[in-house]
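K.L.:
Below is the file start.pdb, which contains PDB, C-alpha atoms.
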ATOM      1  CA  VAL A 887      60.870  51.789 -41.955  1.00  0.00           C
ATOM      2  CA  GLN A 888      61.080  50.460 -45.506  1.00  0.00           C
ATOM      3  CA  GLU A 889      58.213  52.674 -46.678  1.00  0.00           C
ATOM      4  CA  LEU A 890      59.825  55.759 -45.127  1.00  0.00           C
ATOM      5  CA  CYS A 891      63.126  55.012 -46.831  1.00  0.00           C
ATOM      6  CA  ARG A 892      61.355  54.496 -50.168  1.00  0.00           C
ATOM      7  CA  ALA A 893      59.724  57.907 -49.647  1.00  0.00           C
ATOM      8  CA  GLY A 894      63.183  59.477 -49.363  1.00  0.00           C
ATOM      9  CA  TYR A 895      63.553  59.673 -45.591  1.00  0.00           C
ATOM     10  CA  GLN A 896      66.383  58.310 -43.519  1.00  0.00           C
ATOM     11  CA  ALA A 897      65.052  56.098 -40.728  1.00  0.00           C
ATOM     12  CA  VAL A 898      66.981  55.791 -37.485  1.00  0.00           C
ATOM     13  CA  VAL A 899      65.818  52.875 -35.359  1.00  0.00           C
ATOM     14  CA  MET A 900      66.509  52.626 -31.644  1.00  0.00           C
ATOM     15  CA  ASP A 901      66.574  49.226 -29.996  1.00  0.00           C
ATOM     16  CA  ALA A 902      66.451  50.063 -26.286  1.00  0.00           C
ATOM     17  CA  PRO A 903      68.554  48.062 -23.851  1.00  0.00           C
ATOM     18  CA  SER A 904      66.835  44.798 -22.852  1.00  0.00           C
ATOM     19  CA  HIS A 905      64.432  45.109 -25.811  1.00  0.00           C
ATOM     20  CA  GLY A 906      64.499  43.495 -29.236  1.00  0.00           C
ATOM     21  CA  GLN A 907      68.029  42.424 -30.095  1.00  0.00           C
ATOM     22  CA  SER A 908      69.801  44.555 -27.463  1.00  0.00           C
ATOM     23  CA  PRO A 909      71.438  42.807 -24.522  1.00  0.00           C
ATOM     24  CA  GLY A 910      70.427  43.369 -20.942  1.00  0.00           C
ATOM     25  CA  ARG A 911      68.005  42.182 -18.319  1.00  0.00           C
ATOM     26  CA  PHE A 912      66.634  45.470 -16.977  1.00  0.00           C
ATOM     27  CA  LEU A 913      65.391  48.761 -18.355  1.00  0.00           C
ATOM     28  CA  SER A 914      63.701  51.419 -16.266  1.00  0.00           C
ATOM     29  CA  VAL A 915      61.733  54.327 -17.701  1.00  0.00           C
ATOM     30  CA  PRO A 916      64.457  56.806 -16.583  1.00  0.00           C
ATOM     31  CA  ASP A 917      67.102  54.663 -18.305  1.00  0.00           C
ATOM     32  CA  TYR A 918      64.959  54.515 -21.428  1.00  0.00           C
ATOM     33  CA  ILE A 919      64.603  58.330 -21.341  1.00  0.00           C
ATOM     34  CA  ARG A 920      68.386  58.730 -21.110  1.00  0.00           C
ATOM     35  CA  CYS A 921      68.945  56.370 -24.070  1.00  0.00           C
ATOM     36  CA  ALA A 922      66.315  58.124 -26.175  1.00  0.00           C
ATOM     37  CA  GLY A 923      67.829  61.472 -25.200  1.00  0.00           C
ATOM     38  CA  GLN A 924      71.237  60.407 -26.499  1.00  0.00           C
ATOM     39  CA  LEU A 925      69.683  59.525 -29.836  1.00  0.00           C
ATOM     40  CA  ILE A 926      67.555  62.685 -30.030  1.00  0.00           C
ATOM     41  CA  ARG A 927      70.583  64.881 -29.258  1.00  0.00           C
ATOM     42  CA  SER A 928      72.488  63.332 -32.179  1.00  0.00           C
ATOM     43  CA  ARG A 929      70.695  65.707 -34.592  1.00  0.00           C
ATOM     44  CA  ALA A 930      69.448  69.268 -34.423  1.00  0.00           C
ATOM     45  CA  HIS A 931      66.273  68.475 -36.370  1.00  0.00           C
ATOM     46  CA  TRP A 932      64.071  65.418 -36.704  1.00  0.00           C
ATOM     47  CA  HIS A 933      61.294  65.418 -39.266  1.00  0.00           C
ATOM     48  CA  ALA A 934      59.328  62.954 -37.132  1.00  0.00           C
ATOM     49  CA  VAL A 935      59.701  60.684 -34.152  1.00  0.00           C
ATOM     50  CA  LEU A 936      57.721  57.441 -34.213  1.00  0.00           C
ATOM     51  CA  ALA A 937      57.548  55.506 -30.976  1.00  0.00           C
ATOM     52  CA  HIS A 938      55.638  52.579 -29.563  1.00  0.00           C
ATOM     53  CA  SER A 939      54.459  51.735 -26.056  1.00  0.00           C
ATOM     54  CA  MET A 940      56.975  52.649 -23.346  1.00  0.00           C
ATOM     55  CA  GLY A 941      59.131  54.161 -26.111  1.00  0.00           C
ATOM     56  CA  SER A 942      56.468  56.825 -26.690  1.00  0.00           C
ATOM     57  CA  LEU A 943      56.567  57.897 -23.057  1.00  0.00           C
ATOM     58  CA  ALA A 944      60.376  57.905 -23.043  1.00  0.00           C
ATOM     59  CA  GLY A 945      60.616  59.621 -26.430  1.00  0.00           C
ATOM     60  CA  VAL A 946      58.297  62.501 -25.540  1.00  0.00           C
ATOM     61  CA  ILE A 947      60.010  63.121 -22.200  1.00  0.00           C
ATOM     62  CA  SER A 948      63.437  62.970 -23.882  1.00  0.00           C
ATOM     63  CA  ALA A 949      62.303  65.433 -26.539  1.00  0.00           C
ATOM     64  CA  SER A 950      60.907  67.750 -23.893  1.00  0.00           C
ATOM     65  CA  GLU A 951      64.225  67.663 -22.042  1.00  0.00           C
ATOM     66  CA  GLN A 952      65.951  68.706 -25.286  1.00  0.00           C
ATOM     67  CA  ALA A 953      63.478  71.506 -26.081  1.00  0.00           C
ATOM     68  CA  GLY A 954      65.281  74.513 -27.493  1.00  0.00           C
ATOM     69  CA  LYS A 955      68.260  72.383 -28.577  1.00  0.00           C
ATOM     70  CA  VAL A 956      66.541  69.915 -30.899  1.00  0.00           C
ATOM     71  CA  ARG A 957      63.523  70.461 -33.142  1.00  0.00           C
ATOM     72  CA  ILE A 958      61.047  67.669 -33.818  1.00  0.00           C
ATOM     73  CA  GLY A 959      58.448  68.303 -36.501  1.00  0.00           C
ATOM     74  CA  LYS A 960      55.983  65.519 -35.749  1.00  0.00           C
ATOM     75  CA  PHE A 961      55.325  62.755 -33.274  1.00  0.00           C
ATOM     76  CA  VAL A 962      53.622  59.436 -33.942  1.00  0.00           C
ATOM     77  CA  LEU A 963      52.821  57.800 -30.625  1.00  0.00           C
ATOM     78  CA  MET A 964      51.514  54.261 -30.692  1.00  0.00           C
ATOM     79  CA  SER A 965      49.926  52.205 -27.905  1.00  0.00           C
ATOM     80  CA  THR A 966      51.212  54.404 -25.108  1.00  0.00           C
ATOM     81  CA  PHE A 967      50.568  55.130 -21.474  1.00  0.00           C
ATOM     82  CA  SER A 968      49.835  58.683 -20.362  1.00  0.00           C
ATOM     83  CA  ASN A 969      52.309  58.465 -17.488  1.00  0.00           C
ATOM     84  CA  CYS A 970      54.782  56.217 -15.714  1.00  0.00           C
ATOM     85  CA  ASP A 971      52.507  55.570 -12.740  1.00  0.00           C
ATOM     86  CA  ALA A 972      49.825  54.092 -15.017  1.00  0.00           C
ATOM     87  CA  LEU A 973      52.474  51.946 -16.727  1.00  0.00           C
ATOM     88  CA  MET A 974      53.811  50.698 -13.377  1.00  0.00           C
ATOM     89  CA  SER A 975      50.330  49.957 -12.061  1.00  0.00           C
ATOM     90  CA  LYS A 976      49.382  47.936 -15.136  1.00  0.00           C
ATOM     91  CA  PHE A 977      52.543  45.850 -15.132  1.00  0.00           C
ATOM     92  CA  ALA A 978      52.378  45.332 -11.373  1.00  0.00           C
ATOM     93  CA  ARG A 979      48.875  43.865 -11.769  1.00  0.00           C
ATOM     94  CA  CYS A 980      50.006  41.668 -14.687  1.00  0.00           C
ATOM     95  CA  LEU A 981      52.978  40.346 -12.722  1.00  0.00           C
ATOM     96  CA  GLY A 982      51.122  39.966  -9.441  1.00  0.00           C
ATOM     97  CA  VAL A 983      53.249  42.564  -7.641  1.00  0.00           C
ATOM     98  CA  SER A 984      51.740  43.471  -4.284  1.00  0.00           C
ATOM     99  CA  GLU A 985      50.428  46.953  -3.555  1.00  0.00           C
ATOM    100  CA  THR A 986      53.082  47.252  -0.839  1.00  0.00           C
ATOM    101  CA  VAL A 987      55.900  46.670  -3.331  1.00  0.00           C
ATOM    102  CA  LEU A 988      54.276  49.059  -5.809  1.00  0.00           C
ATOM    103  CA  SER A 989      53.902  51.704  -3.115  1.00  0.00           C
ATOM    104  CA  ASP A 990      57.533  51.265  -2.065  1.00  0.00           C
ATOM    105  CA  THR A 991      58.582  51.567  -5.721  1.00  0.00           C
ATOM    106  CA  ARG A 992      56.636  54.808  -6.080  1.00  0.00           C
ATOM    107  CA  ALA A 993      58.440  56.169  -3.008  1.00  0.00           C
ATOM    108  CA  TRP A 994      61.834  54.955  -4.304  1.00  0.00           C
ATOM    109  CA  ILE A 995      61.591  56.581  -7.761  1.00  0.00           C
ATOM    110  CA  PRO A 996      62.367  60.145  -6.581  1.00  0.00           C
ATOM    111  CA  LYS A 997      65.427  58.822  -4.745  1.00  0.00           C
ATOM    112  CA  TYR A 998      66.575  56.920  -7.849  1.00  0.00           C
ATOM    113  CA  THR A 999      65.883  59.676 -10.386  1.00  0.00           C
ATOM    114  CA  GLY A1000      65.962  62.910  -8.414  1.00  0.00           C
ATOM    115  CA  LYS A1001      62.524  63.693  -9.847  1.00  0.00           C
ATOM    116  CA  PRO A1002      59.016  63.058  -8.524  1.00  0.00           C
ATOM    117  CA  LEU A1003      56.978  60.289 -10.120  1.00  0.00           C
ATOM    118  CA  SER A1004      54.666  62.980 -11.546  1.00  0.00           C
ATOM    119  CA  TYR A1005      57.591  64.184 -13.722  1.00  0.00           C
ATOM    120  CA  PHE A1006      57.237  61.060 -15.872  1.00  0.00           C
ATOM    121  CA  CYS A1007      54.036  62.188 -17.584  1.00  0.00           C
ATOM    122  CA  LEU A1008      53.664  62.113 -21.377  1.00  0.00           C
ATOM    123  CA  ILE A1009      50.801  64.631 -21.258  1.00  0.00           C
ATOM    124  CA  GLU A1010      52.763  67.259 -19.315  1.00  0.00           C
ATOM    125  CA  HIS A1011      55.850  66.946 -21.501  1.00  0.00           C
ATOM    126  CA  LEU A1012      53.880  67.020 -24.754  1.00  0.00           C
ATOM    127  CA  GLN A1013      52.148  70.200 -23.547  1.00  0.00           C
ATOM    128  CA  GLN A1014      55.551  71.731 -22.766  1.00  0.00           C
ATOM    129  CA  LEU A1015      56.713  70.991 -26.307  1.00  0.00           C
ATOM    130  CA  GLY A1016      54.393  73.438 -27.771  1.00  0.00           C
ATOM    131  CA  PRO A1017      52.108  71.462 -28.809  1.00  0.00           C
ATOM    132  CA  PRO A1018      53.805  69.590 -31.662  1.00  0.00           C
ATOM    133  CA  ASN A1019      51.982  68.004 -34.567  1.00  0.00           C
ATOM    134  CA  THR A1020      51.072  64.654 -33.005  1.00  0.00           C
ATOM    135  CA  LEU A1021      49.325  61.484 -34.139  1.00  0.00           C
ATOM    136  CA  LEU A1022      48.179  58.957 -31.521  1.00  0.00           C
ATOM    137  CA  VAL A1023      47.499  55.418 -32.729  1.00  0.00           C
ATOM    138  CA  ALA A1024      45.796  53.083 -30.277  1.00  0.00           C
ATOM    139  CA  ASP A1025      43.575  50.050 -30.206  1.00  0.00           C
ATOM    140  CA  GLU A1026      40.493  50.092 -28.008  1.00  0.00           C
ATOM    141  CA  LYS A1027      41.027  46.391 -27.210  1.00  0.00           C
ATOM    142  CA  ASP A1028      44.748  46.653 -26.395  1.00  0.00           C
ATOM    143  CA  ILE A1029      45.302  44.340 -23.409  1.00  0.00           C
ATOM    144  CA  VAL A1030      48.631  46.002 -22.549  1.00  0.00           C
ATOM    145  CA  VAL A1031      47.597  49.670 -22.602  1.00  0.00           C
ATOM    146  CA  PRO A1032      44.029  50.176 -21.350  1.00  0.00           C
ATOM    147  CA  HIS A1033      41.865  52.363 -23.575  1.00  0.00           C
ATOM    148  CA  GLN A1034      41.360  54.853 -20.725  1.00  0.00           C
ATOM    149  CA  GLU A1035      45.027  55.836 -21.253  1.00  0.00           C
ATOM    150  CA  THR A1036      44.215  56.867 -24.823  1.00  0.00           C
ATOM    151  CA  LYS A1037      41.150  58.760 -23.626  1.00  0.00           C
ATOM    152  CA  ALA A1038      43.206  60.590 -20.977  1.00  0.00           C
ATOM    153  CA  ILE A1039      45.742  61.718 -23.584  1.00  0.00           C
ATOM    154  CA  LEU A1040      43.090  62.847 -26.053  1.00  0.00           C
ATOM    155  CA  ASN A1041      41.055  64.650 -23.373  1.00  0.00           C
ATOM    156  CA  ALA A1042      44.120  66.536 -22.120  1.00  0.00           C
ATOM    157  CA  LEU A1043      45.565  67.248 -25.570  1.00  0.00           C
ATOM    158  CA  PRO A1044      42.803  68.130 -28.054  1.00  0.00           C
ATOM    159  CA  HIS A1045      45.361  68.959 -30.769  1.00  0.00           C
ATOM    160  CA  VAL A1046      46.433  65.292 -30.977  1.00  0.00           C
ATOM    161  CA  LYS A1047      45.055  63.510 -34.033  1.00  0.00           C
ATOM    162  CA  PRO A1048      43.747  60.035 -33.134  1.00  0.00           C
ATOM    163  CA  ILE A1049      43.642  56.813 -35.076  1.00  0.00           C
ATOM    164  CA  ILE A1050      41.645  54.368 -32.989  1.00  0.00           C
ATOM    165  CA  THR A1051      41.494  50.767 -34.136  1.00  0.00           C
ATOM    166  CA  SER A1052      39.599  47.781 -32.782  1.00  0.00           C
ATOM    167  CA  GLY A1053      41.048  44.299 -32.613  1.00  0.00           C
ATOM    168  CA  LEU A1054      44.659  45.017 -33.642  1.00  0.00           C
ATOM    169  CA  GLY A1055      45.914  44.815 -30.077  1.00  0.00           C
ATOM    170  CA  HIS A1056      49.114  46.340 -28.789  1.00  0.00           C
ATOM    171  CA  ASN A1057      51.237  45.863 -31.923  1.00  0.00           C
ATOM    172  CA  LEU A1058      48.827  47.670 -34.286  1.00  0.00           C
ATOM    173  CA  ARG A1059      50.095  45.814 -37.348  1.00  0.00           C
ATOM    174  CA  CYS A1060      47.843  46.645 -40.263  1.00  0.00           C
ATOM    175  CA  ASP A1061      48.380  48.007 -43.775  1.00  0.00           C
ATOM    176  CA  THR A1062      45.678  50.651 -43.258  1.00  0.00           C
ATOM    177  CA  VAL A1063      47.373  51.979 -40.115  1.00  0.00           C
ATOM    178  CA  ARG A1064      50.746  51.917 -41.848  1.00  0.00           C
ATOM    179  CA  ARG A1065      49.360  54.020 -44.735  1.00  0.00           C
ATOM    180  CA  GLN A1066      47.711  56.487 -42.344  1.00  0.00           C
ATOM    181  CA  VAL A1067      50.973  56.920 -40.420  1.00  0.00           C
ATOM    182  CA  LEU A1068      52.938  57.404 -43.653  1.00  0.00           C
ATOM    183  CA  ASN A1069      50.393  59.967 -44.871  1.00  0.00           C
ATOM    184  CA  PHE A1070      50.793  61.854 -41.596  1.00  0.00           C
ATOM    185  CA  ILE A1071      54.603  61.844 -41.758  1.00  0.00           C
ATOM    186  CA  THR A1072      55.083  62.550 -45.426  1.00  0.00           C
ATOM    187  CA  PRO A1073      53.856  65.871 -46.853  1.00  0.00           C
TER     188      PRO A1073
END
Show me the file's structure as structure tokens.
P.N.:
Amino acid sequence: VQELCRAGYQAVVMDAPSHGQSPGRFLSVPDYIRCAGQLIRSRAHWHAVLAHSMGSLAGVISASEQAGKVRIGKFVLMSTFSNCDALMSKFARCLGVSETVLSDTRAWIPKYTGKPLSYFCLIEHLQQLGPPNTLLVADEKDIVVPHQETKAILNALPHVKPIITSGLGHNLRCDTVRRQVLNFITP
């Protein structure tokens, strides 16, 4: 954020409910999409949208829902899942959630959202956007987002420019990555 501001850009940072400093105890992907949509709708044009992890999935779907009303020049997607089902499956395994509960959750999502689980797919929504100028940053040893998620995105979307690291994990904190992202965003 500081580097973008020094380069003359205005950075708008979203702290999703139940993340970072925001209050709350629960945040679903559909709720995250609604929050991101409110922010995206606040301007007619965004030079770039940078998002991390679940925020990338929510940000792309929100942008797709605003297509034609809001223009986004570039996306930087970091450590992200290709779809909500993959995200749910990973976290269910990490938390020890049974397959029965996961199956019931999959069946409940359309009732909760009015949309099938397949709607919550980063790949499909990014394709619908045009395809926008997109950078995908991922670490092949990320223990949160399996590397096959990165491969699925890159295989489905050959226009996406990858930065693949090794050993940075889910947070991707590194001066080299920061410079590469800034070079992508700034002309």
K.L.:
Rounded to one decimal place, report the atom CA of Asn969 of chain A-atom CA of Phe1006 of chain A distance in Å.
P.N.:
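Atom CA of Asn969 of chain A sits 5.8 Å away from atom CA of Phe1006 of chain A.
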K.L.:
Suppose you want the space between atom CA of Val899 of chain A and atom CA of Val962 of chain A; what is it in Å?
P.N.:
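Between atom CA of Val899 of chain A and atom CA of Val962 of chain A the gap is 13.9 Å.
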K.L.:
Around all the atoms of segment 892-906 of chain A listed in the file, with 5 Å of room on each side, what axis-aligned box do you get, giving centre and edge lengths in Å to one decimal, as JSON?
P.N.:
{"center_x": 64.1, "center_y": 51.6, "center_z": -36.5, "size_x": 18.8, "size_y": 26.2, "size_z": 37.3}
K.L.:
Under the PyMOL selection byres ((chain A and resi 978-992) around 12), which residues of this model are included? Write them out as a PyMOL selection string.
P.N.:
chain A and resi 914+970-977+993-999+1001-1004+1006+1029-1031
K.L.:
In Å, with one decimal, what is the gap from atom CA of Ile1009 of chain A to atom CA of Ile1039 of chain A?
P.N.:
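For atom CA of Ile1009 of chain A relative to atom CA of Ile1039 of chain A, the distance reads 6.3 Å.
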K.L.:
Give the answer as one residue: which of A:Glu889, A:Glu1035, A:Asp1025, A:Asp917 has the shortest atom-to-atom distance to Ile1050 of chain A, using only C-alpha atoms?
P.N.:
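That would be A:Asp1025, the residue with the smallest distance to Ile1050 of chain A.
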K.L.:
May I ask you to restore N, CA, C and O atoms in segment 978-994 of chain A and write the result as an mmCIF file, in the coordinates of the input?
P.N.:
data_model
loop_
_atom_site.group_PDB
_atom_site.id
_atom_site.type_symbol
_atom_site.label_atom_id
_atom_site.label_comp_id
_atom_site.auth_asym_id
_atom_site.auth_seq_id
_atom_site.Cartn_x
_atom_site.Cartn_y
_atom_site.Cartn_z
ATOM 1 N N ALA A 978 52.416 45.929 -12.710
ATOM 2 C CA ALA A 978 52.378 45.332 -11.373
ATOM 3 C C ALA A 978 51.206 44.359 -11.267
ATOM 4 O O ALA A 978 51.353 43.253 -10.738
ATOM 5 N N ARG A 979 50.035 44.765 -11.785
ATOM 6 C CA ARG A 979 48.875 43.865 -11.769
ATOM 7 C C ARG A 979 49.136 42.622 -12.616
ATOM 8 O O ARG A 979 48.810 41.508 -12.211
ATOM 9 N N CYS A 980 49.732 42.804 -13.797
ATOM 10 C CA CYS A 980 50.006 41.668 -14.687
ATOM 11 C C CYS A 980 50.980 40.672 -14.057
ATOM 12 O O CYS A 980 50.861 39.470 -14.249
ATOM 13 N N LEU A 981 51.945 41.201 -13.324
ATOM 14 C CA LEU A 981 52.978 40.346 -12.722
ATOM 15 C C LEU A 981 52.631 39.878 -11.317
ATOM 16 O O LEU A 981 53.378 39.122 -10.718
ATOM 17 N N GLY A 982 51.517 40.354 -10.781
ATOM 18 C CA GLY A 982 51.122 39.966 -9.441
ATOM 19 C C GLY A 982 51.934 40.635 -8.338
ATOM 20 O O GLY A 982 52.086 40.092 -7.251
ATOM 21 N N VAL A 983 52.468 41.819 -8.634
ATOM 22 C CA VAL A 983 53.249 42.564 -7.641
ATOM 23 C C VAL A 983 52.284 43.137 -6.609
ATOM 24 O O VAL A 983 51.253 43.714 -6.966
ATOM 25 N N SER A 984 52.632 43.000 -5.349
ATOM 26 C CA SER A 984 51.740 43.471 -4.284
ATOM 27 C C SER A 984 51.672 44.993 -4.262
ATOM 28 O O SER A 984 52.584 45.684 -4.727
ATOM 29 N N GLU A 985 50.600 45.507 -3.689
ATOM 30 C CA GLU A 985 50.428 46.953 -3.555
ATOM 31 C C GLU A 985 51.522 47.547 -2.678
ATOM 32 O O GLU A 985 51.962 48.673 -2.899
ATOM 33 N N THR A 986 51.996 46.774 -1.704
ATOM 34 C CA THR A 986 53.082 47.252 -0.839
ATOM 35 C C THR A 986 54.352 47.477 -1.645
ATOM 36 O O THR A 986 55.009 48.522 -1.511
ATOM 37 N N VAL A 987 54.702 46.534 -2.490
ATOM 38 C CA VAL A 987 55.900 46.670 -3.331
ATOM 39 C C VAL A 987 55.718 47.832 -4.304
ATOM 40 O O VAL A 987 56.632 48.636 -4.503
ATOM 41 N N LEU A 988 54.546 47.961 -4.877
ATOM 42 C CA LEU A 988 54.276 49.059 -5.809
ATOM 43 C C LEU A 988 54.369 50.401 -5.091
ATOM 44 O O LEU A 988 54.974 51.353 -5.609
ATOM 45 N N SER A 989 53.829 50.482 -3.905
ATOM 46 C CA SER A 989 53.902 51.704 -3.115
ATOM 47 C C SER A 989 55.348 52.058 -2.760
ATOM 48 O O SER A 989 55.763 53.213 -2.855
ATOM 49 N N ASP A 990 56.114 51.045 -2.372
ATOM 50 C CA ASP A 990 57.533 51.265 -2.065
ATOM 51 C C ASP A 990 58.300 51.717 -3.312
ATOM 52 O O ASP A 990 59.189 52.566 -3.228
ATOM 53 N N THR A 991 57.938 51.170 -4.466
ATOM 54 C CA THR A 991 58.582 51.567 -5.721
ATOM 55 C C THR A 991 58.267 53.022 -6.048
ATOM 56 O O THR A 991 59.151 53.781 -6.456
ATOM 57 N N ARG A 992 57.016 53.405 -5.847
ATOM 58 C CA ARG A 992 56.636 54.808 -6.080
ATOM 59 C C ARG A 992 57.454 55.744 -5.182
ATOM 60 O O ARG A 992 57.880 56.811 -5.611
ATOM 61 N N ALA A 993 57.663 55.340 -3.946
ATOM 62 C CA ALA A 993 58.440 56.169 -3.008
ATOM 63 C C ALA A 993 59.927 56.169 -3.359
ATOM 64 O O ALA A 993 60.629 57.153 -3.114
ATOM 65 N N TRP A 994 60.417 55.099 -3.963
ATOM 66 C CA TRP A 994 61.834 54.955 -4.304
ATOM 67 C C TRP A 994 62.210 55.761 -5.551
ATOM 68 O O TRP A 994 63.338 56.256 -5.670
#
